[in-house]
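entry-v8.cif (mmCIF, C-alpha atoms and all ligand atoms)
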```cif
data_my_file
#
loop_
_atom_site.label_atom_id
_atom_site.label_comp_id
_atom_site.auth_asym_id
_atom_site.auth_seq_id
_atom_site.Cartn_x
_atom_site.Cartn_y
_atom_site.Cartn_z
CA MET Z 24 21.49 -142.46 -69.16
CA SER Z 25 24.12 -145.12 -68.59
CA GLU Z 26 27.88 -145.22 -68.75
CA HIS Z 27 29.90 -147.78 -70.72
CA HIS Z 28 33.51 -148.70 -71.40
CA LEU Z 29 35.18 -150.01 -74.51
CA ASP Z 30 38.66 -151.46 -74.68
CA ALA Z 31 40.22 -150.78 -78.09
CA LYS Z 32 43.82 -151.01 -76.96
CA ARG Z 33 46.40 -152.27 -79.48
CA MET Z 34 43.88 -151.99 -82.28
CA LEU Z 35 44.92 -149.91 -85.24
CA CYS Z 36 42.62 -147.49 -87.00
CA PRO Z 37 40.01 -147.87 -88.24
CA MET Z 38 39.28 -150.77 -85.86
CA PRO Z 39 38.80 -148.52 -82.78
CA VAL Z 40 36.34 -146.46 -84.84
CA ILE Z 41 34.44 -149.56 -85.99
CA LYS Z 42 34.26 -150.90 -82.41
CA THR Z 43 33.07 -147.51 -81.16
CA GLN Z 44 30.42 -147.32 -83.88
CA ASN Z 45 29.16 -150.85 -83.20
CA LYS Z 46 29.01 -150.24 -79.45
CA ILE Z 47 27.20 -146.92 -79.91
CA ASN Z 48 24.63 -148.61 -82.14
CA GLU Z 49 23.58 -150.63 -79.07
CA LEU Z 50 23.29 -147.55 -76.83
CA VAL Z 51 20.65 -144.85 -76.57
CA ALA Z 52 20.86 -141.07 -76.87
CA GLY Z 53 22.54 -139.50 -73.86
CA ASP Z 54 24.58 -142.60 -72.93
CA ILE Z 55 28.26 -142.12 -72.28
CA LEU Z 56 30.98 -144.31 -73.75
CA HIS Z 57 34.63 -144.23 -72.66
CA VAL Z 58 36.91 -145.69 -75.31
CA THR Z 59 40.45 -146.64 -74.33
CA CYS Z 60 42.86 -146.97 -77.23
CA THR Z 61 46.55 -146.85 -78.03
CA ASP Z 62 46.62 -145.84 -81.71
CA PRO Z 63 47.09 -142.06 -81.85
CA GLY Z 64 45.14 -142.13 -85.12
CA ALA Z 65 42.01 -142.64 -83.01
CA LEU Z 66 42.42 -139.09 -81.69
CA SER Z 67 41.41 -137.75 -85.07
CA ASP Z 68 39.30 -140.63 -86.40
CA ILE Z 69 36.88 -141.16 -83.50
CA PRO Z 70 36.03 -137.44 -83.22
CA ALA Z 71 35.60 -137.25 -87.03
CA TRP Z 72 33.31 -140.25 -86.97
CA ALA Z 73 31.36 -138.77 -84.03
CA ARG Z 74 30.97 -135.38 -85.74
CA ILE Z 75 29.55 -136.78 -88.95
CA ASN Z 76 27.23 -139.19 -87.19
CA GLY Z 77 25.89 -136.67 -84.69
CA HIS Z 78 27.61 -137.74 -81.45
CA LEU Z 79 29.46 -135.53 -79.02
CA ILE Z 80 33.06 -135.86 -77.87
CA VAL Z 81 32.91 -134.94 -74.20
CA SER Z 82 36.63 -135.21 -73.53
CA HIS Z 83 39.84 -136.90 -74.50
CA GLN Z 84 42.78 -137.63 -72.26
CA GLU Z 85 46.21 -138.90 -73.09
CA ASN Z 86 48.22 -140.55 -70.36
CA ASP Z 87 51.42 -142.44 -71.05
CA ASP Z 88 50.57 -144.54 -74.04
CA GLU Z 89 46.84 -144.66 -73.50
CA ILE Z 90 44.17 -142.43 -74.90
CA ILE Z 91 40.70 -142.25 -73.39
CA ILE Z 92 38.02 -140.69 -75.55
CA THR Z 93 34.62 -140.05 -74.02
CA VAL Z 94 31.65 -139.90 -76.36
CA GLN Z 95 28.07 -138.96 -75.61
CA VAL Z 96 25.59 -140.71 -77.87
CA GLY Z 97 23.56 -138.29 -80.00
CA LYS Z 98 19.99 -138.58 -81.14
CA MET K 2 5.49 -133.41 -101.75
CA ALA K 3 7.42 -135.96 -103.77
CA LYS K 4 9.28 -138.60 -101.77
CA LYS K 5 12.90 -137.78 -101.25
CA HIS K 6 14.95 -140.67 -102.55
CA LYS K 7 17.87 -142.10 -100.66
CA ALA K 8 21.10 -143.68 -101.82
CA VAL K 9 23.94 -145.39 -100.06
CA ALA K 10 27.36 -144.64 -101.53
CA LEU K 11 30.48 -146.78 -101.41
CA ILE K 12 33.07 -144.41 -100.01
CA SER K 13 36.71 -145.31 -100.49
CA GLY K 14 38.20 -142.01 -99.47
CA GLY K 15 39.29 -141.13 -103.00
CA LEU K 16 38.13 -138.31 -105.24
CA ASP K 17 35.76 -140.34 -107.41
CA SER K 18 33.42 -141.44 -104.65
CA LEU K 19 33.50 -137.92 -103.23
CA LEU K 20 32.35 -136.51 -106.57
CA ALA K 21 29.76 -139.23 -107.20
CA VAL K 22 28.00 -138.34 -103.95
CA ARG K 23 28.11 -134.61 -104.55
CA VAL K 24 26.64 -135.04 -108.04
CA LEU K 25 23.62 -136.77 -106.52
CA GLN K 26 23.32 -134.33 -103.65
CA GLU K 27 23.03 -131.60 -106.29
CA GLN K 28 19.92 -133.42 -107.45
CA GLY K 29 18.40 -133.45 -103.99
CA ILE K 30 19.12 -137.11 -103.27
CA GLU K 31 19.82 -137.91 -99.63
CA VAL K 32 23.02 -139.93 -99.36
CA GLU K 33 24.73 -141.91 -96.61
CA GLY K 34 28.14 -143.50 -97.02
CA ILE K 35 29.39 -146.98 -96.39
CA ASN K 36 33.02 -148.00 -96.18
CA PHE K 37 34.25 -151.57 -96.03
CA TYR K 38 37.33 -152.45 -94.05
CA THR K 39 39.05 -155.51 -95.51
CA GLY K 40 42.16 -155.23 -93.35
CA PHE K 41 44.26 -154.27 -96.38
CA CYS K 42 42.92 -150.73 -96.80
CA VAL K 43 45.48 -148.00 -97.19
CA GLU K 44 43.50 -145.90 -94.73
CA GLY K 45 44.65 -146.25 -91.17
CA HIS K 46 47.40 -148.49 -89.84
CA THR K 47 50.88 -147.65 -90.87
CA HIS K 48 50.71 -143.97 -90.08
CA ALA K 49 50.40 -145.05 -86.48
CA ILE K 50 53.44 -147.24 -86.68
CA ARG K 51 56.43 -145.57 -88.30
CA ASN K 52 58.29 -142.64 -86.83
CA HIS K 53 58.61 -140.54 -89.93
CA ASP K 54 54.88 -140.60 -90.48
CA LYS K 55 54.19 -139.12 -87.07
CA ASP K 56 54.01 -135.55 -88.35
CA LYS K 57 51.80 -136.36 -91.27
CA GLN K 58 48.19 -135.63 -90.75
CA LYS K 59 46.65 -138.82 -89.49
CA ARG K 60 43.38 -138.56 -91.25
CA ASN K 61 41.14 -141.32 -92.49
CA ASN K 62 40.12 -140.21 -95.97
CA ALA K 63 36.78 -142.02 -95.94
CA LEU K 64 35.79 -140.10 -92.80
CA TRP K 65 37.22 -136.92 -94.27
CA SER K 66 35.17 -137.37 -97.46
CA ALA K 67 32.00 -137.95 -95.46
CA GLU K 68 32.64 -134.83 -93.47
CA GLN K 69 33.20 -132.75 -96.60
CA LEU K 70 29.94 -134.08 -97.98
CA GLY K 71 28.02 -133.70 -94.74
CA ILE K 72 26.89 -137.32 -94.82
CA LYS K 73 26.84 -140.15 -92.32
CA LEU K 74 29.44 -142.86 -92.76
CA HIS K 75 29.04 -146.46 -91.70
CA ILE K 76 32.29 -148.43 -91.53
CA VAL K 77 31.85 -152.15 -91.81
CA ASP K 78 34.40 -154.75 -90.77
CA VAL K 79 34.52 -157.37 -93.55
CA ILE K 80 37.89 -158.87 -92.65
CA GLN K 81 36.62 -162.44 -92.29
CA ASP K 82 34.37 -162.52 -95.35
CA TYR K 83 37.03 -160.88 -97.47
CA LYS K 84 39.34 -163.88 -97.06
CA GLU K 85 37.30 -165.88 -99.55
CA VAL K 86 37.61 -163.03 -102.08
CA LEU K 87 41.36 -162.82 -101.71
CA LEU K 88 41.99 -166.56 -101.61
CA ASN K 89 39.69 -167.65 -104.43
CA PRO K 90 38.89 -164.78 -106.76
CA LYS K 91 36.69 -166.04 -109.57
CA HIS K 92 37.95 -163.33 -111.91
CA GLY K 93 41.59 -163.62 -110.90
CA TYR K 94 44.17 -161.13 -109.69
CA GLY K 95 45.43 -157.85 -111.12
CA ALA K 96 49.10 -157.00 -111.49
CA ASN K 97 49.74 -158.08 -107.89
CA MET K 98 47.61 -159.90 -105.33
CA ASN K 99 44.71 -157.49 -105.87
CA PRO K 100 41.48 -159.29 -106.80
CA CYS K 101 39.90 -155.98 -107.86
CA LEU K 102 36.94 -157.22 -109.86
CA ASP K 103 35.86 -159.78 -107.27
CA CYS K 104 36.47 -157.17 -104.59
CA LYS K 105 34.16 -154.68 -106.32
CA ILE K 106 31.46 -157.33 -106.71
CA PHE K 107 31.90 -158.31 -103.06
CA MET K 108 31.61 -154.74 -101.81
CA VAL K 109 28.56 -153.90 -103.88
CA ASN K 110 26.99 -157.16 -102.72
CA LYS K 111 27.76 -156.23 -99.10
CA ALA K 112 26.08 -152.88 -99.74
CA VAL K 113 23.02 -154.69 -101.12
CA GLU K 114 22.89 -156.82 -97.96
CA TRP K 115 23.38 -153.77 -95.77
CA VAL K 116 20.51 -151.95 -97.49
CA LYS K 117 18.30 -154.97 -96.81
CA GLU K 118 19.37 -155.18 -93.17
CA ASN K 119 18.65 -151.48 -92.75
CA HIS K 120 15.41 -151.49 -94.71
CA GLU K 121 13.75 -149.23 -92.16
CA SER K 122 16.12 -146.48 -93.31
CA GLY K 123 14.58 -146.72 -96.78
CA PHE K 124 17.52 -146.71 -99.17
CA ASP K 125 16.40 -146.88 -102.80
CA PHE K 126 19.68 -147.45 -104.61
CA ILE K 127 23.46 -147.79 -104.40
CA ILE K 128 26.09 -145.57 -105.97
CA THR K 129 29.81 -145.93 -106.60
CA GLY K 130 32.46 -143.60 -107.96
CA GLU K 131 33.43 -146.06 -110.70
CA VAL K 132 34.56 -144.62 -114.02
CA ILE K 133 34.80 -146.71 -117.18
CA GLY K 134 38.41 -147.32 -118.17
CA GLN K 135 39.77 -145.86 -114.96
CA ARG K 136 41.37 -149.09 -113.81
CA PRO K 137 42.62 -151.74 -116.20
CA MET K 138 41.13 -154.68 -114.35
CA SER K 139 38.01 -153.73 -112.50
CA GLN K 140 36.69 -150.62 -114.18
CA ARG K 141 36.17 -151.43 -117.84
CA LYS K 142 33.09 -151.21 -120.01
CA GLU K 143 32.74 -155.02 -119.87
CA THR K 144 33.10 -155.24 -116.10
CA MET K 145 30.39 -152.71 -115.26
CA PRO K 146 27.48 -155.09 -116.00
CA ILE K 147 29.38 -157.97 -114.35
CA VAL K 148 29.61 -156.03 -111.09
CA ALA K 149 25.93 -155.07 -111.28
CA ARG K 150 24.81 -158.62 -112.03
CA GLU K 151 27.09 -160.70 -109.81
CA SER K 152 26.64 -158.42 -106.79
CA GLY K 153 22.89 -158.79 -107.05
CA ALA K 154 22.46 -155.01 -107.25
CA ASP K 155 21.37 -155.12 -110.91
CA ASP K 156 19.54 -151.96 -111.92
CA ILE K 157 19.76 -150.24 -108.55
CA LEU K 158 23.50 -149.71 -109.00
CA LEU K 159 24.18 -146.24 -110.35
CA ARG K 160 27.58 -144.81 -111.30
CA PRO K 161 26.97 -141.06 -111.48
CA LEU K 162 30.37 -140.28 -113.04
CA CYS K 163 29.99 -142.55 -116.06
CA ALA K 164 26.23 -143.22 -116.15
CA LYS K 165 25.85 -141.60 -119.57
CA ASN K 166 28.03 -144.32 -121.07
CA LEU K 167 25.95 -147.10 -119.57
CA PRO K 168 22.35 -148.28 -119.97
CA ALA K 169 19.88 -146.36 -117.81
CA THR K 170 19.33 -147.78 -114.32
CA LYS K 171 16.18 -147.80 -112.24
CA PRO K 172 16.86 -144.45 -110.49
CA GLU K 173 17.16 -142.86 -113.94
CA LEU K 174 14.20 -144.68 -115.51
CA GLU K 175 11.97 -143.89 -112.55
CA GLY K 176 12.97 -140.26 -112.70
CA TRP K 177 14.48 -140.22 -109.19
CA VAL K 178 17.59 -138.74 -110.75
CA ASP K 179 17.98 -136.76 -113.93
CA ARG K 180 20.26 -138.72 -116.26
CA GLU K 181 21.05 -135.54 -118.17
CA LYS K 182 22.78 -134.15 -115.10
CA LEU K 183 24.99 -137.21 -114.65
CA TYR K 184 28.39 -137.61 -116.34
CA GLY K 185 29.98 -139.65 -119.07
CA PHE K 186 33.59 -139.82 -117.89
CA SER K 187 35.80 -142.53 -119.29
CA GLY K 188 39.47 -143.39 -119.48
CA ARG K 189 42.42 -142.83 -117.25
CA ASN K 190 42.55 -139.09 -117.72
CA ARG K 191 41.80 -137.50 -114.35
CA LYS K 192 41.32 -133.96 -115.70
CA PRO K 193 37.49 -134.08 -115.86
CA GLN K 194 37.35 -135.22 -112.24
CA MET K 195 39.78 -132.53 -111.18
CA ALA K 196 37.72 -129.90 -112.98
CA LEU K 197 34.55 -131.14 -111.31
CA ALA K 198 36.29 -131.12 -107.92
CA LYS K 199 37.23 -127.51 -108.55
CA GLN K 200 33.68 -126.64 -109.52
CA PHE K 201 32.39 -128.16 -106.28
CA GLY K 202 35.13 -126.44 -104.28
CA PHE K 203 36.91 -129.60 -103.13
CA THR K 204 40.60 -129.15 -102.46
CA ASP K 205 43.04 -131.26 -100.50
CA TYR K 206 41.38 -134.51 -101.51
CA ALA K 207 43.32 -137.77 -101.38
CA SER K 208 44.80 -139.23 -104.52
CA PRO K 209 46.46 -142.51 -103.65
CA ALA K 210 48.93 -143.58 -106.32
CA GLY K 211 48.10 -147.27 -106.55
CA GLY K 212 44.70 -148.49 -105.53
CA CYS K 213 42.64 -148.32 -102.42
CA CYS K 214 44.51 -151.15 -100.74
CA PHE K 215 47.91 -152.65 -100.07
CA LEU K 216 47.22 -155.61 -102.32
CA THR K 217 48.05 -153.46 -105.35
CA ASP K 218 51.52 -152.91 -103.92
CA LYS K 219 54.18 -155.24 -105.27
CA ASN K 220 56.27 -155.36 -102.11
CA TYR K 221 53.28 -156.06 -99.97
CA SER K 222 52.00 -158.78 -102.30
CA ASP K 223 55.44 -160.42 -102.40
CA LYS K 224 55.46 -160.55 -98.61
CA LEU K 225 51.99 -162.05 -98.52
CA VAL K 226 52.91 -164.77 -101.01
CA ASP K 227 56.11 -165.46 -99.07
CA LEU K 228 54.11 -165.79 -95.85
CA TRP K 229 51.81 -168.36 -97.40
CA LYS K 230 54.72 -170.26 -98.91
CA GLY K 231 56.59 -170.28 -95.60
CA ARG K 232 53.57 -171.66 -93.77
CA GLY K 233 52.50 -174.08 -96.46
CA SER K 234 48.98 -172.70 -96.22
CA ARG K 235 47.16 -169.62 -97.43
CA GLU K 236 45.55 -168.79 -94.11
CA TYR K 237 46.03 -165.37 -92.54
CA GLU K 238 44.88 -163.47 -89.50
CA MET K 239 44.59 -159.78 -88.83
CA ASP K 240 47.96 -159.76 -87.04
CA ASP K 241 49.61 -161.21 -90.15
CA ILE K 242 48.12 -158.51 -92.35
CA MET K 243 49.43 -155.83 -90.04
CA LEU K 244 52.87 -157.34 -89.56
CA LEU K 245 53.38 -157.42 -93.32
CA LYS K 246 53.30 -153.64 -93.21
CA VAL K 247 55.91 -153.36 -90.51
CA GLY K 248 59.67 -153.76 -90.57
CA ARG K 249 62.21 -155.42 -92.76
CA HIS K 250 61.34 -159.03 -93.54
CA VAL K 251 64.29 -161.38 -93.86
CA ARG K 252 63.93 -165.14 -94.44
CA PRO K 253 67.25 -166.91 -93.94
CA LYS K 254 65.61 -170.36 -93.95
CA PRO K 255 62.33 -171.53 -95.49
CA GLU K 256 60.86 -172.34 -92.05
CA PHE K 257 61.18 -168.93 -90.43
CA LYS K 258 61.55 -165.25 -91.13
CA LEU K 259 62.59 -162.27 -89.08
CA ILE K 260 60.56 -159.09 -88.87
CA ILE K 261 63.09 -156.44 -87.93
CA ALA K 262 61.95 -152.98 -86.84
CA ARG K 263 63.30 -150.13 -88.97
CA ASP K 264 62.87 -147.39 -86.38
CA ALA K 265 61.80 -146.76 -82.79
CA GLY K 266 58.14 -146.48 -83.78
CA GLU K 267 58.20 -149.93 -85.31
CA SER K 268 60.15 -151.39 -82.36
CA LYS K 269 57.46 -150.04 -80.06
CA PHE K 270 54.74 -151.54 -82.20
CA LEU K 271 56.46 -154.94 -82.31
CA GLU K 272 56.80 -154.87 -78.49
CA GLY K 273 53.09 -155.60 -78.41
CA TYR K 274 53.75 -159.02 -79.95
CA ARG K 275 56.28 -160.27 -77.37
CA LYS K 276 53.78 -162.68 -75.87
CA GLN K 277 53.02 -164.31 -79.23
CA PHE K 278 56.43 -164.51 -80.88
CA ILE K 279 60.04 -165.33 -80.10
CA THR K 280 61.79 -161.95 -80.05
CA MET K 281 65.43 -160.92 -80.31
CA GLN K 282 67.12 -157.68 -79.42
CA VAL K 283 70.73 -156.59 -79.15
CA THR K 284 71.33 -155.42 -75.58
CA SER K 285 75.02 -154.44 -75.69
CA HIS K 286 74.38 -151.79 -78.35
CA ASN K 287 71.43 -149.87 -79.69
CA GLY K 288 69.48 -152.08 -82.00
CA PRO K 289 66.06 -152.94 -83.31
CA LEU K 290 63.58 -155.41 -81.92
CA ALA K 291 62.91 -158.41 -84.17
CA LEU K 292 60.13 -161.00 -84.16
CA ILE K 293 60.60 -164.52 -85.42
CA ASP K 294 57.68 -165.79 -87.43
CA GLY K 295 57.62 -169.51 -88.16
CA ASP K 296 59.37 -172.55 -86.70
CA ILE K 297 62.92 -171.85 -85.77
CA SER K 298 65.08 -174.68 -84.45
CA ALA K 299 67.46 -174.07 -81.54
CA GLU K 300 70.52 -174.39 -83.78
CA ASP K 301 69.31 -171.51 -85.94
CA PHE K 302 69.11 -169.05 -83.03
CA ASP K 303 72.66 -167.83 -83.67
CA LEU K 304 71.98 -167.34 -87.34
CA ALA K 305 68.85 -165.30 -86.57
CA ALA K 306 70.63 -163.32 -83.85
CA GLY K 307 73.47 -162.60 -86.28
CA VAL K 308 71.01 -161.16 -88.79
CA VAL K 309 69.34 -158.99 -86.13
CA ALA K 310 72.73 -157.73 -84.96
CA ARG K 311 73.58 -156.72 -88.52
CA TYR K 312 70.86 -154.05 -88.28
CA GLY K 313 71.98 -152.58 -84.94
CA GLN K 314 74.72 -150.10 -84.04
CA GLY K 315 77.01 -152.95 -83.04
CA ARG K 316 77.13 -154.27 -86.59
CA ASP K 317 80.91 -153.78 -86.80
CA ALA K 318 81.69 -155.13 -83.33
CA GLU K 319 83.49 -158.44 -82.87
CA GLN K 320 80.77 -159.62 -80.54
CA VAL K 321 77.41 -158.36 -79.31
CA ASP K 322 74.89 -159.55 -76.71
CA VAL K 323 71.52 -160.59 -78.08
CA GLU K 324 68.63 -161.20 -75.74
CA VAL K 325 66.30 -163.94 -76.92
CA SER K 326 62.86 -164.15 -75.32
CA ILE K 327 60.62 -167.09 -75.89
CA PRO K 328 57.05 -166.62 -74.66
CA ASN K 329 56.57 -168.20 -71.19
CA GLU K 330 60.26 -169.02 -70.81
CA ASP K 331 63.23 -167.31 -69.18
CA LYS K 332 65.18 -164.93 -71.36
CA GLN K 333 68.49 -166.14 -72.81
CA LEU K 334 71.51 -164.06 -73.59
CA ARG K 335 73.65 -165.08 -76.54
CA GLN K 336 77.02 -163.68 -77.55
CA ILE K 337 77.42 -163.64 -81.29
CA LYS K 338 79.30 -161.92 -84.07
CA PRO K 339 76.99 -159.86 -86.28
CA LEU K 340 76.68 -161.09 -89.84
CA SER K 341 78.26 -158.82 -92.42
CA THR K 342 76.22 -157.11 -95.12
CA THR K 343 77.30 -159.73 -97.62
CA ASP K 344 76.46 -162.60 -95.24
CA VAL K 345 72.84 -161.46 -95.23
CA LEU K 346 72.09 -162.72 -98.70
CA GLU K 347 70.09 -160.68 -101.16
CA GLU K 348 67.57 -163.49 -101.66
CA TRP K 349 66.78 -163.58 -97.95
CA HIS K 350 65.10 -160.19 -98.26
CA VAL K 351 61.42 -160.67 -98.79
S1 LIG A 1 42.61 -151.95 -104.86
FE1 LIG A 1 42.10 -153.39 -103.21
S2 LIG A 1 40.27 -152.53 -102.24
FE2 LIG A 1 40.47 -151.52 -104.23
S3 LIG A 1 39.23 -152.76 -105.63
FE3 LIG A 1 41.31 -153.56 -105.77
S4 LIG A 1 41.41 -155.22 -104.28
FE4 LIG A 1 39.59 -153.99 -103.78
#
```
Represent the structure of the file as structure tokens.
Ligand code: SF4
Amino acid sequence: MSEHHLDAKRMLCPMPVIKTQNKINELVAGDILHVTCTDPGALSDIPAWARINGHLIVSHQENDDEIIITVQVGK
Amino acid sequence: MAKKHKAVALISGGLDSLLAVRVLQEQGIEVEGINFYTGFCVEGHTHAIRNHDKDKQKRNNALWSAEQLGIKLHIVDVIQDYKEVLLNPKHGYGANMNPCLDCKIFMVNKAVEWVKENHESGFDFIITGEVIGQRPMSQRKETMPIVARESGADDILLRPLCAKNLPATKPELEGWVDREKLYGFSGRNRKPQMALAKQFGFTDYASPAGGCCFLTDKNYSDKLVDLWKGRGSREYEMDDIMLLKVGRHVRPKPEFKLIIARDAGESKFLEGYRKQFITMQVTSHNGPLALIDGDISAEDFDLAAGVVARYGQGRDAEQVDVEVSIPNEDKQLRQIKPLSTTDVLEEWHV
């Protein structure tokens, strides 16, 4: 299992989702990806994308204007 | 046991693609969705920008559709490749800058390529939610074979909602799907789709008024054409596409325009562009942030500042302070009299 970071700041949805998807395609089941974004739309879109594609949202944090969403890659 | 056949569906987020997938799922076909992001899609973007949209549910309808259907969704960034479609559409534009027929061909072709790239997943055919006569330009009886042929999909392109009005495709001829259980919808009447949605238990689905993208919008198209005219070239980048959705666009001179925030949400969004653009903001009163796009000469700074001041709370003051920031230079403060409503000419508004 390895841990990765993705910077999707200033991107507007669905770009953070697309970047997350493309990054996850390179990872293996169990890996952790922390996505940092600024578009609040990502708070609903990334979890929706993760749910339908079988990945797990481990946590999401909002501080100031930044949102960090942590995804665990599914099988 | 017979092989389970697999289809990839173009998912726009609208009702038709939602229904097309469900119709095939009813026949035991395994479906995954694909959604192409051209940069102009109605999904996403602006809800993140403007204040008054904050309370609206920020949902992406393509993702929502996939979740309702219980299918995977692959979102593909086609921003670069789409430029050729928008700039040189073989079949021309619709009522505005929407190259719908070329766009459909492009997307189905991208789906064909995607199926090839993902051949290990074993997709047998492609489906869309197209309905004959639904859209005046791209969804007509004559355009259906054009899309199939020019996209390279040919007989593996199935339109479950209007298949009965079209020649049988490979999935039907091979018996992978039962043609009898497909539909023969045609025309602009949405009642049959709404009835089918009810039958399947879909409520709360999206029904965008125009099309699936901003190019069908007259205001947006006007701004795009103005941008190209102002620059003397039809190039565009992602930032341009996004900035056309934000603010009030005012062009007092052919060489430059102002993008003036209409609320705090837009001002905040435009803040992110301070390093790329000259910006102006009234500092003596409350007022919006404005970006200057194009080549402004030093003698036009007062004119631009006067326009910006017109949209702030100091619009009736004798004089206001306007801060001008040029990337990598010190900020300047200018004292100017705001232009009056009549000074900001009607034809300046893009
Ligand atoms: S409305 Fe936009 S996205 Fe939809 S077919 Fe037309 S050009 Fe393509």
Tell me which of Z:Ser25, Z:Asp54, Z:Gly97, Z:Asp87 sits closest to Arg74 in chain Z, counting only C-alpha atoms.
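So, comparing all the options, the nearest one is Z:Gly97.
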Given only C-alpha atoms as the counted atoms, nearest of K:Gly71, K:Pro253, K:Pro146, K:Gly185 to chain Z
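Answer, going by the shortest atom-to-atom distance: K:Gly71.
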ask   = Please, which residues of chain Z lie no more than 7 Å from chain K when the count uses all atoms listed in the file, and can they be set out as an NGL selection string?
value = :Z and (35-37 or 41 or 62-64 or 67-68 or 71-72 or 75-76)
Query raised in the report: What is the distance, in Å and to one decimal place, between CA of Met98 in chain K and CA of Leu216 in chain K?
Result: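 Interatomic distance here is 5.3 Å.
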Please find the residues contacting ligand LIG 1 (chain A) at a distance of at most 7 Å between atoms, with all atoms listed in the file counted, and report them as a list in words.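 I would give the residues around ligand LIG 1 (chain A) as Cys42, Asn99, Pro100, Cys101, Leu102, Cys104, Lys105, Gly212, Cys213, Cys214, Phe215, Leu216 and Thr217 of chain K.
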Go ahead and write the selection's residues with C-alpha atoms as a PDB file, keeping the file's coordinate frame.
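The result, stored in result-v7.pdb:
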```
ATOM      1  CA  CYS K  42      42.920-150.730 -96.800  1.00  0.00           C
ATOM      2  CA  ASN K  99      44.710-157.490-105.870  1.00  0.00           C
ATOM      3  CA  PRO K 100      41.480-159.290-106.800  1.00  0.00           C
ATOM      4  CA  CYS K 101      39.900-155.980-107.860  1.00  0.00           C
ATOM      5  CA  LEU K 102      36.940-157.220-109.860  1.00  0.00           C
ATOM      6  CA  CYS K 104      36.470-157.170-104.590  1.00  0.00           C
ATOM      7  CA  LYS K 105      34.160-154.680-106.320  1.00  0.00           C
ATOM      8  CA  GLY K 212      44.700-148.490-105.530  1.00  0.00           C
ATOM      9  CA  CYS K 213      42.640-148.320-102.420  1.00  0.00           C
ATOM     10  CA  CYS K 214      44.510-151.150-100.740  1.00  0.00           C
ATOM     11  CA  PHE K 215      47.910-152.650-100.070  1.00  0.00           C
ATOM     12  CA  LEU K 216      47.220-155.610-102.320  1.00  0.00           C
ATOM     13  CA  THR K 217      48.050-153.460-105.350  1.00  0.00           C
TER      14      THR K 217
END
```
Do you have the CA of Met34 in chain Z-CA of Ala65 in chain Z distance handy?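 These atoms are spaced 9.6 Å apart.
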